[in-house]
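Enquirer: My structure is in start14.csv, and what it holds is CSV, C-alpha atoms and all ligand atoms:
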chain,number,residue,atom,x,y,z
B,1,MET,CA,0.0,0.0,0.0
B,2,ILE,CA,1.2,3.5,-0.9
B,3,ARG,CA,-0.2,6.7,0.7
B,4,TYR,CA,-0.4,9.7,-1.6
B,5,SER,CA,-1.1,13.3,-0.6
B,6,LEU,CA,-3.4,14.6,-3.3
B,7,VAL,CA,-4.8,17.9,-4.4
B,8,CYS,CA,-8.0,18.5,-6.5
B,9,GLU,CA,-8.4,21.2,-9.1
B,10,ALA,CA,-9.9,23.5,-6.5
B,11,GLY,CA,-6.9,23.2,-4.3
B,12,HIS,CA,-8.4,20.9,-1.6
B,13,GLY,CA,-5.7,18.7,-0.1
B,14,PHE,CA,-6.4,15.1,1.0
B,15,GLU,CA,-4.7,11.7,1.4
B,16,SER,CA,-5.6,8.4,0.0
B,17,TRP,CA,-4.1,4.8,0.0
B,18,PHE,CA,-3.4,2.8,-3.1
B,19,PRO,CA,-2.2,-0.8,-3.7
B,20,SER,CA,0.5,0.5,-6.1
B,21,SER,CA,1.5,3.5,-8.1
B,22,ASP,CA,0.1,1.8,-11.2
B,23,SER,CA,-3.2,1.4,-9.4
B,24,PHE,CA,-3.2,5.1,-8.5
B,25,ASP,CA,-2.7,6.1,-12.2
B,26,THR,CA,-5.5,3.7,-13.3
B,27,GLN,CA,-8.0,4.9,-10.7
B,28,VAL,CA,-7.3,8.5,-11.5
B,29,ALA,CA,-7.6,7.9,-15.3
B,30,ARG,CA,-11.0,6.2,-14.6
B,31,GLY,CA,-12.2,9.1,-12.4
B,32,LEU,CA,-12.5,6.8,-9.4
B,33,VAL,CA,-10.4,9.1,-7.2
B,34,THR,CA,-12.5,12.1,-6.0
B,35,CYS,CA,-12.0,15.0,-3.7
B,36,PRO,CA,-13.8,14.5,-0.4
B,37,VAL,CA,-14.7,18.2,-0.2
B,38,CYS,CA,-16.0,19.0,-3.7
B,39,GLU,CA,-16.1,15.5,-5.3
B,40,SER,CA,-14.0,16.7,-8.2
B,41,ALA,CA,-12.3,13.8,-10.1
B,42,SER,CA,-9.6,16.1,-11.3
B,43,VAL,CA,-6.9,15.2,-8.8
B,44,SER,CA,-3.2,15.0,-8.8
B,45,LYS,CA,-0.4,14.2,-6.4
B,46,ALA,CA,0.4,17.1,-4.2
B,47,LEU,CA,3.9,18.4,-4.1
B,48,MET,CA,5.3,17.4,-0.7
B,49,VAL,CA,8.0,20.1,-0.3
B,50,PRO,CA,7.9,22.5,2.7
B,51,SER,CA,7.2,26.1,1.6
B,52,ILE,CA,10.6,27.2,2.9
B,53,ALA,CA,12.3,24.9,0.3
B,54,ARG,CA,10.6,26.8,-2.6
B,55,THR,CA,13.6,29.1,-3.0
B,56,ASP,CA,15.9,26.2,-3.6
B,57,ARG,CA,13.5,24.7,-6.1
B,58,ASP,CA,13.3,27.9,-8.0
B,59,ARG,CA,17.0,27.9,-8.3
B,60,THR,CA,17.1,24.5,-10.0
B,61,PRO,CA,17.4,24.9,-13.8
B,62,ALA,CA,15.0,22.0,-14.6
B,63,ALA,CA,11.4,23.1,-15.1
B,64,PRO,CA,9.2,21.7,-12.3
B,65,PRO,CA,6.5,19.3,-13.3
B,66,PRO,CA,2.9,20.7,-13.7
B,67,GLN,CA,1.8,19.4,-10.3
B,68,ALA,CA,4.5,21.5,-8.7
B,69,GLU,CA,2.1,24.4,-9.2
B,70,ALA,CA,-0.2,23.0,-6.5
B,71,PRO,CA,1.6,23.6,-3.2
B,72,VAL,CA,-1.7,24.9,-1.9
B,73,ALA,CA,-2.1,21.7,0.1
B,74,LEU,CA,0.6,23.0,2.4
B,75,ILE,CA,-1.1,26.3,3.2
B,76,ALA,CA,-3.5,26.4,6.1
B,77,GLU,CA,-7.1,26.8,5.0
B,78,PRO,CA,-7.7,30.2,6.7
B,79,GLU,CA,-4.6,31.6,4.9
B,80,ARG,CA,-5.8,30.2,1.6
B,81,GLN,CA,-9.1,31.9,2.1
B,82,LEU,CA,-7.5,35.1,3.0
B,83,ARG,CA,-5.3,35.0,-0.1
B,84,ALA,CA,-8.3,34.2,-2.3
B,85,MET,CA,-10.1,37.2,-0.8
B,86,LEU,CA,-7.2,39.5,-1.4
B,87,LYS,CA,-6.9,38.2,-4.9
B,88,ALA,CA,-10.6,38.8,-5.5
B,89,LEU,CA,-10.3,42.3,-4.1
B,90,ARG,CA,-7.4,43.1,-6.3
B,91,GLU,CA,-9.1,41.7,-9.4
B,92,HIS,CA,-12.2,43.8,-8.6
B,93,VAL,CA,-10.0,47.0,-8.3
B,94,VAL,CA,-8.2,46.2,-11.5
B,95,ALA,CA,-11.5,45.5,-13.4
B,96,ASN,CA,-13.2,48.6,-12.1
B,97,SER,CA,-10.5,51.2,-11.9
B,98,GLU,CA,-8.2,53.1,-14.2
B,99,HIS,CA,-4.5,52.2,-14.0
B,100,VAL,CA,-2.5,55.3,-13.7
B,101,GLY,CA,0.9,53.7,-12.8
B,102,ASP,CA,3.3,55.9,-11.0
B,103,ARG,CA,1.2,59.0,-11.8
B,104,PHE,CA,-1.0,57.7,-8.9
B,105,PRO,CA,-0.1,60.4,-6.3
B,106,GLU,CA,-0.5,63.2,-8.8
B,107,GLU,CA,-3.8,61.8,-10.2
B,108,ALA,CA,-5.2,61.1,-6.7
B,109,ARG,CA,-4.5,64.8,-5.8
B,110,ARG,CA,-6.1,66.1,-9.0
B,111,ILE,CA,-9.2,64.1,-8.3
B,112,HIS,CA,-9.3,65.1,-4.6
B,113,TYR,CA,-9.0,68.8,-5.4
B,114,GLY,CA,-11.5,68.6,-8.3
B,115,GLU,CA,-9.0,69.2,-11.0
B,116,ALA,CA,-9.7,65.9,-12.7
B,117,GLU,CA,-12.8,63.8,-13.3
B,118,GLY,CA,-13.8,61.9,-10.1
B,119,ARG,CA,-13.2,58.2,-10.8
B,120,ALA,CA,-11.6,55.1,-9.3
B,121,ILE,CA,-7.9,54.8,-10.0
B,122,TYR,CA,-5.1,52.5,-9.0
B,123,GLY,CA,-1.3,52.7,-9.4
B,124,GLU,CA,2.0,52.8,-7.6
B,125,ALA,CA,3.1,55.1,-4.9
B,126,SER,CA,6.0,54.9,-2.5
B,127,PRO,CA,5.3,54.6,1.2
B,128,THR,CA,6.3,58.2,1.7
B,129,GLU,CA,4.0,59.4,-1.1
B,130,ALA,CA,1.1,57.3,0.3
B,131,ARG,CA,1.6,58.7,3.7
B,132,ALA,CA,1.7,62.3,2.3
B,133,LEU,CA,-1.6,61.6,0.5
B,134,ILE,CA,-3.3,60.3,3.7
B,135,GLU,CA,-2.0,63.3,5.7
B,136,GLU,CA,-3.7,65.5,3.1
B,137,GLY,CA,-6.9,63.7,3.8
B,138,ILE,CA,-6.9,61.7,0.5
B,139,ASP,CA,-8.3,58.3,1.1
B,140,VAL,CA,-5.8,55.7,-0.3
B,141,ALA,CA,-5.4,52.0,0.6
B,142,ALA,CA,-2.6,49.6,-0.2
B,143,ILE,CA,-3.4,46.2,-1.6
B,144,PRO,CA,-0.8,43.6,-0.6
B,145,ILE,CA,1.0,41.8,-3.4
B,146,LEU,CA,0.9,38.0,-2.9
B,147,PRO,CA,3.9,35.8,-3.4
B,148,ASP,CA,2.0,33.9,-6.1
B,149,ASP,CA,1.6,37.1,-8.1
B,150,ARG,CA,5.3,37.5,-8.7
B,151,ASN,CA,5.5,34.4,-10.8
T,1,ZN,ZN,-11.9,19.6,-4.0
Please render this file's structure as structure tokens.

Expert:
Amino acid sequence: MIRYSLVCEAGHGFESWFPSSDSFDTQVARGLVTCPVCESASVSKALMVPSIARTDRDRTPAAPPPQAEAPVALIAEPERQLRAMLKALREHVVANSEHVGDRFPEEARRIHYGEAEGRAIYGEASPTEARALIEEGIDVAAIPILPDDRN
């Protein structure tokens, strides 16, 4: 018997026992292995590398196999949900705001003082610039960049 740590397409991690690795492949191919959470039959072996080892893996020249992109099984559920929320928030901002890049501080001021059309914008500002805007009473918020986004 072999125990595999598995992950479904939705990122749910779970474990299952198989008589052999051939048996695992056969059962997955037939859709007999399903996620206990969402019942998806699209499952693959989870990458069993601690997150701290990722830097080392990134340094290896060989391209990682496709399932290496599913280390979500190693992230605690609350953190995964938080990341998903932050990602959704950022996608909402990107979809509903105008990207002004590093002109953000300037544009935010122009909008605040009525020199430009009032609208939702997003862009980049240094911590100093962001603090200056807040001190002027201009409402700005920082959206964290997630490690995943840098890929
Ligand atoms: Zn699932």

Enquirer: Against ligand ZN 1 (chain T), which residues of chain B fall within 12 Å? For each one I want the closest pair of atoms and the distance in Å (one decimal), counting all atoms listed in the file, rows by chain and increasing residue number, as a Markdown table.

Expert:
| residue | atom | partner | partner_atom | distance |
| --- | --- | --- | --- | --- |
| B:Leu6 | CA | T:ZN1 | ZN | 9.9 |
| B:Val7 | CA | T:ZN1 | ZN | 7.3 |
| B:Cys8 | CA | T:ZN1 | ZN | 4.8 |
| B:Glu9 | CA | T:ZN1 | ZN | 6.4 |
| B:Ala10 | CA | T:ZN1 | ZN | 5.0 |
| B:Gly11 | CA | T:ZN1 | ZN | 6.2 |
| B:His12 | CA | T:ZN1 | ZN | 4.4 |
| B:Gly13 | CA | T:ZN1 | ZN | 7.4 |
| B:Phe14 | CA | T:ZN1 | ZN | 8.7 |
| B:Glu15 | CA | T:ZN1 | ZN | 12.0 |
| B:Val33 | CA | T:ZN1 | ZN | 11.1 |
| B:Thr34 | CA | T:ZN1 | ZN | 7.8 |
| B:Cys35 | CA | T:ZN1 | ZN | 4.6 |
| B:Pro36 | CA | T:ZN1 | ZN | 6.5 |
| B:Val37 | CA | T:ZN1 | ZN | 4.9 |
| B:Cys38 | CA | T:ZN1 | ZN | 4.2 |
| B:Glu39 | CA | T:ZN1 | ZN | 6.0 |
| B:Ser40 | CA | T:ZN1 | ZN | 5.5 |
| B:Ala41 | CA | T:ZN1 | ZN | 8.4 |
| B:Ser42 | CA | T:ZN1 | ZN | 8.4 |
| B:Val43 | CA | T:ZN1 | ZN | 8.2 |
| B:Ser44 | CA | T:ZN1 | ZN | 10.9 |
| B:Val72 | CA | T:ZN1 | ZN | 11.7 |
| B:Ala73 | CA | T:ZN1 | ZN | 10.8 |

Enquirer: Convert the current residue selection to file output with C-alpha atoms, as a tab-separated table (two decimals), in the frame of the given file.

Expert:
chain	number	residue	atom	x	y	z
B	6	LEU	CA	-3.40	14.60	-3.30
B	7	VAL	CA	-4.80	17.90	-4.40
B	8	CYS	CA	-8.00	18.50	-6.50
B	9	GLU	CA	-8.40	21.20	-9.10
B	10	ALA	CA	-9.90	23.50	-6.50
B	11	GLY	CA	-6.90	23.20	-4.30
B	12	HIS	CA	-8.40	20.90	-1.60
B	13	GLY	CA	-5.70	18.70	-0.10
B	14	PHE	CA	-6.40	15.10	1.00
B	15	GLU	CA	-4.70	11.70	1.40
B	33	VAL	CA	-10.40	9.10	-7.20
B	34	THR	CA	-12.50	12.10	-6.00
B	35	CYS	CA	-12.00	15.00	-3.70
B	36	PRO	CA	-13.80	14.50	-0.40
B	37	VAL	CA	-14.70	18.20	-0.20
B	38	CYS	CA	-16.00	19.00	-3.70
B	39	GLU	CA	-16.10	15.50	-5.30
B	40	SER	CA	-14.00	16.70	-8.20
B	41	ALA	CA	-12.30	13.80	-10.10
B	42	SER	CA	-9.60	16.10	-11.30
B	43	VAL	CA	-6.90	15.20	-8.80
B	44	SER	CA	-3.20	15.00	-8.80
B	72	VAL	CA	-1.70	24.90	-1.90
B	73	ALA	CA	-2.10	21.70	0.10

Enquirer: Considering all atoms listed in the file, can you say which of B:Gly137, B:Pro19, B:Pro78, B:Gly118 comes closest to Ser97 in chain B?

Expert: B:Gly118

Enquirer: With distances taken over all atoms listed in the file, which residue among B:Ile2, B:Ala88, B:Ile138, B:Ala95 lies nearest Ile111 in chain B?

Expert: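 Ranking B:Ile2, B:Ala88, B:Ile138, B:Ala95 by distance to Ile111 in chain B, first place goes to B:Ile138.
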
Enquirer: Taking all atoms listed in the file into account, which of B:Glu91, B:Pro105, B:Ser16, B:Gly31 comes nearest Thr128 in chain B?

Expert: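 Of B:Glu91, B:Pro105, B:Ser16, B:Gly31, the one nearest Thr128 in chain B, counting all atoms listed in the file, is B:Pro105.
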
Enquirer: With only C-alpha atoms as the atoms that count, which of B:Lys45, B:Thr26, B:His92, B:Phe18 lies nearest to Ser5 in chain B?

Expert: B:Lys45

Enquirer: So, with only C-alpha atoms as the atoms that count, which of B:His112, B:Tyr4, B:Leu32, B:Glu77 lies closest to Ala46 in chain B?

Expert: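 Result for the nearest residue to Ala46 in chain B: B:Tyr4.
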
Enquirer: Give me the residues within 10 Å of Ala141 in chain B as a list in words, counting only C-alpha atoms and dropping any in the same chain fewer than 4 places off.

Expert: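 Those residues are Tyr122, Ala130 and Ile134 of chain B.
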
Enquirer: Which residues, written as number ranges by chain, have at least one atom at most 12 Å from Asp22 in chain B, with all atoms listed in the file counted and residues fewer than 5 positions away on the same chain left out?

Expert: B: 1-2, 27-29

Enquirer: May I ask for the distance between CA of Arg110 in chain B and CA of Val140 in chain B, given in Å to one decimal place?

Expert: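 These atoms are spaced 13.6 Å apart.
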
Enquirer: Since fewer atoms than expected are present, regenerate N, CA and C atoms for range 128-142 of chain B and write them as a PDB file, in the frame of the given file.

Expert:
ATOM      1  N   THR B 128       6.274  56.800   1.306  1.00  0.00           N
ATOM      2  CA  THR B 128       6.300  58.200   1.700  1.00  0.00           C
ATOM      3  C   THR B 128       5.200  58.980   0.946  1.00  0.00           C
ATOM      4  N   GLU B 129       5.027  58.707  -0.351  1.00  0.00           N
ATOM      5  CA  GLU B 129       4.000  59.400  -1.100  1.00  0.00           C
ATOM      6  C   GLU B 129       2.594  59.019  -0.582  1.00  0.00           C
ATOM      7  N   ALA B 130       2.406  57.719  -0.255  1.00  0.00           N
ATOM      8  CA  ALA B 130       1.100  57.300   0.300  1.00  0.00           C
ATOM      9  C   ALA B 130       0.806  57.970   1.581  1.00  0.00           C
ATOM     10  N   ARG B 131       1.810  58.092   2.455  1.00  0.00           N
ATOM     11  CA  ARG B 131       1.600  58.700   3.700  1.00  0.00           C
ATOM     12  C   ARG B 131       1.257  60.220   3.540  1.00  0.00           C
ATOM     13  N   ALA B 132       1.926  60.868   2.589  1.00  0.00           N
ATOM     14  CA  ALA B 132       1.700  62.300   2.300  1.00  0.00           C
ATOM     15  C   ALA B 132       0.208  62.458   1.850  1.00  0.00           C
ATOM     16  N   LEU B 133      -0.267  61.544   1.005  1.00  0.00           N
ATOM     17  CA  LEU B 133      -1.600  61.600   0.500  1.00  0.00           C
ATOM     18  C   LEU B 133      -2.629  61.493   1.682  1.00  0.00           C
ATOM     19  N   ILE B 134      -2.370  60.531   2.556  1.00  0.00           N
ATOM     20  CA  ILE B 134      -3.300  60.300   3.700  1.00  0.00           C
ATOM     21  C   ILE B 134      -3.269  61.521   4.615  1.00  0.00           C
ATOM     22  N   GLU B 135      -2.082  62.132   4.805  1.00  0.00           N
ATOM     23  CA  GLU B 135      -2.000  63.300   5.700  1.00  0.00           C
ATOM     24  C   GLU B 135      -2.766  64.493   5.056  1.00  0.00           C
ATOM     25  N   GLU B 136      -2.887  64.509   3.735  1.00  0.00           N
ATOM     26  CA  GLU B 136      -3.700  65.500   3.100  1.00  0.00           C
ATOM     27  C   GLU B 136      -5.165  65.235   3.095  1.00  0.00           C
ATOM     28  N   GLY B 137      -5.519  64.094   3.676  1.00  0.00           N
ATOM     29  CA  GLY B 137      -6.900  63.700   3.800  1.00  0.00           C
ATOM     30  C   GLY B 137      -7.430  62.994   2.538  1.00  0.00           C
ATOM     31  N   ILE B 138      -6.507  62.495   1.723  1.00  0.00           N
ATOM     32  CA  ILE B 138      -6.900  61.700   0.500  1.00  0.00           C
ATOM     33  C   ILE B 138      -6.919  60.255   0.893  1.00  0.00           C
ATOM     34  N   ASP B 139      -8.055  59.643   0.617  1.00  0.00           N
ATOM     35  CA  ASP B 139      -8.300  58.300   1.100  1.00  0.00           C
ATOM     36  C   ASP B 139      -7.587  57.282   0.107  1.00  0.00           C
ATOM     37  N   VAL B 140      -6.486  56.697   0.534  1.00  0.00           N
ATOM     38  CA  VAL B 140      -5.800  55.700  -0.300  1.00  0.00           C
ATOM     39  C   VAL B 140      -5.649  54.409   0.556  1.00  0.00           C
ATOM     40  N   ALA B 141      -5.601  53.293  -0.122  1.00  0.00           N
ATOM     41  CA  ALA B 141      -5.400  52.000   0.600  1.00  0.00           C
ATOM     42  C   ALA B 141      -4.395  51.197  -0.220  1.00  0.00           C
ATOM     43  N   ALA B 142      -3.563  50.456   0.499  1.00  0.00           N
ATOM     44  CA  ALA B 142      -2.600  49.600  -0.200  1.00  0.00           C
ATOM     45  C   ALA B 142      -3.175  48.189  -0.261  1.00  0.00           C
TER      46      ALA B 142
END
